[in-house]
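In what follows, a structure is listed as structure tokens, so that the remarks can point back to it.
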Protein chains: 4
Amino acid sequence: MDGFAFSQDIRVRFAETDAQGIAHHASFVVWLEVARVAYLDEFAGGYNRIRASGIEALTTAVHLDYHRSAGFDDVLTVWTRCVDLRGARFRYEYRIVCDGELVAEGYTNHATVDRTTYRPTRVPAWLAEAIRGEQASAAPAS
Amino acid sequence: MDGFAFSQDIRVRFAETDAQGIAHHASFVVWLEVARVAYLDEFAGGYNRIRASGIEALTTAVHLDYHRSAGFDDVLTVWTRCVDLRGARFRYEYRIVCDGELVAEGYTNHATVDRTTYRPTRVPAWLAEAIRGEQASAAPAS
Amino acid sequence: MDGFAFSQDIRVRFAETDAQGIAHHASFVVWLEVARVAYLDEFAGGYNRIRASGIEALTTAVHLDYHRSAGFDDVLTVWTRCVDLRGARFRYEYRIVCDGELVAEGYTNHATVDRTTYRPTRVPAWLAEAIRGEQASAAPAS
Amino acid sequence: MDGFAFSQDIRVRFAETDAQGIAHHASFVVWLEVARVAYLDEFAGGYNRIRASGIEALTTAVHLDYHRSAGFDDVLTVWTRCVDLRGARFRYEYRIVCDGELVAEGYTNHATVDRTTYRPTRVPAWLAEAIRGEQASAAPAS
């Protein structure tokens with residue numbers, strides 16, 4: 001997808017549906033996290049490496065716009081990118097598509113804190129670089 | 001709370017925490033729904049009455065800003081109000097507080113659709129009135 | 001209920017339903033935990049007191065028989081009792097009823113471990129006594 | 001695994017962990033369902049085919065014994081087989097392993113009902129055969 005270099009596929013679980021017969025809207029928030037974890041696996045040695053380095057990444061905001069419903073067993077592609085990394089803060093953006101249709105889009109904001117004191121801590125250089133590397137690879141050739 | 005006339009208390013379940021030792025951020029999205037359902041009980045005869053009238057209320061957007069973490073067994077007060085009701089669309093706003101501190105705030109957007117055709121349908125008059133009644137009761141005397 | 005002295009009410013959340021239009025069977029496992037936490041509040045100073053004393057209570061088994069479905073917004077009464085407390089192990093039994101009908105019944109097994117070493121640790125005397133006190137109060141007069 | 005011909009891998013999501021730092025025990029119940037759905041995809045044309053044929057498969061019992069904890073990002077292999085198919089009832093058995101260690105084992109009981117009347121309905125022949133075919137393929141040569 002234009003501007004996105006990474007995606008993670010998610011198959012909607014039956015437990016994630018609700019009595020409207022569609023995937024419950026809170027399930028999407030979990031899928032964004034699954035996509036972030038896969039993203040960090042790909043570009044930064046995994047979320048467990050980040051935690052092992054004494055840092056927690058907190059979620060400070062979630063935004064989702066739902067355009068279409070998703071149903072049980074649908075395979076959704078969660079396009080994911082990290083943007084606006086500065087200091088202790090960064091943002092992920094997402095587009096969720098199914099069969100070529102945009103199902104939802106949104107973003108999450110995050111802050112890195114020291115795992116013991118819970119005080120804000122700059123995103124470590126290795127992580128910042130890993131993320132910037134991904135962004136470079138996603139940039140359109142020009 | 002200023003500008004809010006309705007609240008629903010939520011006790012954080014152990015299953016709603018995560019390995020960071022705090023309530024998982026997706027849990028909040030479920031709590032907003034619990035608060036909406038309680039709100040509709042109070043002002044509009046309940047969500048089941050709405051469904052029985054042939055309407056589904058879809059969630060079209062979720063936004064949450066997290067200011068502090070919530071922990072297991074914390075009792076959160078979810079202040080809730082319905083705003084901007086027009087045609088087939090309406091919005092809820094929320095402030096979640098614990099021990100006098102703002103934990104999170106946000107909004108959800110909704111659209112009413114016919115339960116069979118899934119086409120947009122105006123919010124029925126009885127529901128619109130019920131909601132407006134609540135807003136009137138929440139308005140400060142002046 | 002015969003043989004049970006404690007119960008916790010649960011209102012089925014919309015997020016806990018599934019595309020069959022009923023409460024998802026995994027939701028019941030969470031409700032058993034909510035009931036245990038309420039039980040410990042009542043008889044043993046709360047789960048947080050147990051955790052503060054350096055102990056974790058692990059769940060080592062879950063068993064549930066489902067007799068009827070539960071629907072959105074149903075209020076379920078989860079009858080709960082602690083039985084068979086010995087050494088580091090204990091069991092809870094449950095009956096879940098709605099409108100006088102048995103919806104589900106089951107049990108969970110637990111083991112107490114040291115919170116740091118994760119080695120089995122006897123249930124502390126104060127907790128064992130608190131639990132036995134509850135059982136005495138539930139016993140039928142004879 | 002001895003006696004099992006089918007398995008489904010599951011990666012533990014962060015949202016599935018709890019404040020004990022391990023996968024919450026209710027998450028396993030969801031994973032069993034994910035494995036069943038994958039199993040039906042493999043042997044019986046998928047759960048959606050079953051639903052399309054006018055049948056619902058209800059879960060009538062869940063049993064899980066937990067031997068070890070699972071952690072965030074662990075990849076679990078859920079070995080799954082269908083046993084004891086008779087009339088409108090059948091049972092699945094499971095063994096969940098991680099890195100060669102048994103993490104949990106259990107079973108679920110199910111009943112097929114007519115999707116409209118919710119009355120018990122024999123498991124359709126095509127489904128029964130599909131399942132028996134799988135069992136044959138899992139049997140050790142002798």
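Note on naming: chains are A, B, ... as they come in the structure tokens, residues start from 1 per chain, ligands start from 1 in the order shown.
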Distance-based interface of chain D with chain C, 9 Å, counting only C-alpha atoms, as a ChimeraX atom specification: /D:20,25-30,56,58-68,109
For the residues selected in the previous step, produce a file with N, CA, C and O atoms as a tab-separated table (two decimals), in the first residue's frame.
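Result written to out36.tsv:
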chain	number	residue	atom	x	y	z
D	20	GLN	N	0.05	-11.04	36.11
D	20	GLN	CA	1.02	-12.03	36.60
D	20	GLN	C	2.18	-12.18	35.62
D	20	GLN	O	3.12	-12.94	35.87
D	25	HIS	N	-5.40	-17.36	31.82
D	25	HIS	CA	-5.90	-18.72	31.59
D	25	HIS	C	-7.15	-18.74	30.69
D	25	HIS	O	-7.40	-19.74	30.03
D	26	ALA	N	-7.92	-17.66	30.65
D	26	ALA	CA	-9.08	-17.64	29.75
D	26	ALA	C	-8.67	-17.56	28.28
D	26	ALA	O	-9.42	-17.97	27.39
D	27	SER	N	-7.47	-17.05	28.01
D	27	SER	CA	-7.00	-16.96	26.63
D	27	SER	C	-6.92	-18.34	25.98
D	27	SER	O	-7.18	-18.50	24.78
D	28	PHE	N	-6.59	-19.34	26.79
D	28	PHE	CA	-6.46	-20.70	26.25
D	28	PHE	C	-7.78	-21.18	25.65
D	28	PHE	O	-7.78	-21.94	24.67
D	29	VAL	N	-8.87	-20.79	26.27
D	29	VAL	CA	-10.19	-21.23	25.78
D	29	VAL	C	-10.43	-20.67	24.37
D	29	VAL	O	-10.97	-21.36	23.50
D	30	VAL	N	-9.99	-19.45	24.15
D	30	VAL	CA	-10.10	-18.86	22.81
D	30	VAL	C	-9.19	-19.59	21.83
D	30	VAL	O	-9.58	-19.85	20.69
D	56	GLU	N	-25.70	-24.84	13.94
D	56	GLU	CA	-24.75	-24.20	14.86
D	56	GLU	C	-24.12	-25.29	15.70
D	56	GLU	O	-24.81	-26.23	16.11
D	58	LEU	N	-22.72	-25.76	19.22
D	58	LEU	CA	-22.60	-25.12	20.54
D	58	LEU	C	-21.50	-25.80	21.35
D	58	LEU	O	-21.25	-27.01	21.18
D	59	THR	N	-20.88	-25.04	22.22
D	59	THR	CA	-19.92	-25.61	23.16
D	59	THR	C	-20.67	-25.93	24.45
D	59	THR	O	-21.28	-25.05	25.05
D	60	THR	N	-20.63	-27.20	24.85
D	60	THR	CA	-21.39	-27.60	26.04
D	60	THR	C	-20.50	-27.87	27.24
D	60	THR	O	-20.99	-27.98	28.36
D	61	ALA	N	-19.19	-27.98	27.02
D	61	ALA	CA	-18.27	-28.13	28.15
D	61	ALA	C	-16.86	-27.73	27.72
D	61	ALA	O	-16.50	-27.86	26.55
D	62	VAL	N	-16.11	-27.22	28.68
D	62	VAL	CA	-14.70	-26.91	28.48
D	62	VAL	C	-13.93	-27.46	29.67
D	62	VAL	O	-14.36	-27.29	30.82
D	63	HIS	N	-12.83	-28.15	29.39
D	63	HIS	CA	-11.95	-28.56	30.47
D	63	HIS	C	-10.51	-28.29	30.08
D	63	HIS	O	-10.07	-28.64	28.98
D	64	LEU	N	-9.77	-27.65	30.98
D	64	LEU	CA	-8.36	-27.37	30.73
D	64	LEU	C	-7.55	-27.65	31.99
D	64	LEU	O	-7.92	-27.20	33.09
D	65	ASP	N	-6.46	-28.38	31.83
D	65	ASP	CA	-5.46	-28.52	32.89
D	65	ASP	C	-4.22	-27.75	32.44
D	65	ASP	O	-3.69	-28.00	31.35
D	66	TYR	N	-3.78	-26.83	33.29
D	66	TYR	CA	-2.63	-26.00	32.97
D	66	TYR	C	-1.40	-26.57	33.67
D	66	TYR	O	-1.39	-26.69	34.90
D	67	HIS	N	-0.37	-26.93	32.90
D	67	HIS	CA	0.82	-27.52	33.50
D	67	HIS	C	1.94	-26.51	33.67
D	67	HIS	O	2.75	-26.61	34.58
D	68	ARG	N	2.04	-25.57	32.75
D	68	ARG	CA	3.08	-24.54	32.80
D	68	ARG	C	2.46	-23.24	32.31
D	68	ARG	O	1.47	-23.26	31.60
D	109	ASN	N	-16.60	-30.20	24.71
D	109	ASN	CA	-17.74	-30.96	24.20
D	109	ASN	C	-18.63	-30.03	23.39
D	109	ASN	O	-18.76	-28.84	23.71
Expected answer as number ranges by chain: strand (DSSP E or B) residues in chain B: B: 6-11, 17, 23, 55-66, 75-86, 89-98, 101-114, 120
Within 9 Å of B:Arg81 using only C-alpha atoms, minus same-chain residues under 3 positions, as a list in words: Gly3, Phe4, Ala5, Phe6, Ser7, Arg36, Tyr39, Arg91, Tyr92, Glu93, Tyr94, Ile131, Glu134, Gln135 and Ala138 of chain B
Selection: 8 Å around D:Val12, only C-alpha atoms, excl. self and same-chain fewer than 4 positions, as a list of chain:residue names: D:Glu16, D:Thr17, D:Ala23, D:Ala70, D:Gly71, D:Phe72, D:Asp73, D:Asp74, D:Val75, D:Leu76
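Take atom CA of A:Leu85 and atom CA of A:Val37: the distance between them is 16.8 Å.
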Those of chain C in DSSP helix (DSSP H, G or I), formatted as an MDAnalysis selection string: chainID C and resid 14:16 25:44 47:52 125:138
Would you save the residues from that selection as a short mmCIF file (atom, residue, chain, number, x, y, z; two decimals), in the first residue's frame, using C-alpha atoms?
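Saved as out.cif:
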data_model
loop_
_atom_site.label_atom_id
_atom_site.label_comp_id
_atom_site.auth_asym_id
_atom_site.auth_seq_id
_atom_site.Cartn_x
_atom_site.Cartn_y
_atom_site.Cartn_z
CA PHE C 14 -22.11 -6.68 24.46
CA ALA C 15 -18.41 -7.27 23.83
CA GLU C 16 -18.82 -10.67 25.52
CA HIS C 25 -18.20 -19.54 26.25
CA ALA C 26 -14.76 -18.11 27.11
CA SER C 27 -16.46 -15.13 28.80
CA PHE C 28 -17.63 -17.46 31.55
CA VAL C 29 -14.03 -18.19 32.52
CA VAL C 30 -13.48 -14.48 33.10
CA TRP C 31 -16.69 -14.25 35.16
CA LEU C 32 -15.51 -17.06 37.43
CA GLU C 33 -12.43 -14.97 38.12
CA VAL C 34 -14.53 -11.87 38.82
CA ALA C 35 -16.50 -13.97 41.32
CA ARG C 36 -13.32 -15.26 42.98
CA VAL C 37 -11.98 -11.74 43.34
CA ALA C 38 -15.27 -10.61 44.93
CA TYR C 39 -15.16 -13.67 47.19
CA LEU C 40 -11.66 -12.81 48.39
CA ASP C 41 -12.80 -9.23 49.00
CA GLU C 42 -15.54 -10.55 51.20
CA PHE C 43 -13.64 -13.17 53.17
CA ALA C 44 -9.93 -12.56 52.92
CA TYR C 47 -6.81 -10.47 46.12
CA ASN C 48 -4.46 -7.50 46.33
CA ARG C 49 -3.78 -8.40 49.98
CA ILE C 50 -2.80 -11.89 48.89
CA ARG C 51 -0.51 -10.53 46.20
CA ALA C 52 0.96 -8.03 48.66
CA ALA C 125 -2.98 -19.56 57.68
CA TRP C 126 -4.90 -16.26 57.67
CA LEU C 127 -6.23 -17.00 54.22
CA ALA C 128 -7.02 -20.62 55.02
CA GLU C 129 -8.92 -19.51 58.10
CA ALA C 130 -10.80 -16.80 56.26
CA ILE C 131 -11.91 -19.35 53.72
CA ARG C 132 -12.85 -21.95 56.34
CA GLY C 133 -14.88 -19.28 58.11
CA GLU C 134 -16.89 -18.76 54.97
CA GLN C 135 -17.50 -22.47 54.58
CA ALA C 136 -18.76 -22.72 58.16
CA SER C 137 -21.22 -19.91 57.54
CA ALA C 138 -22.48 -21.73 54.43
#
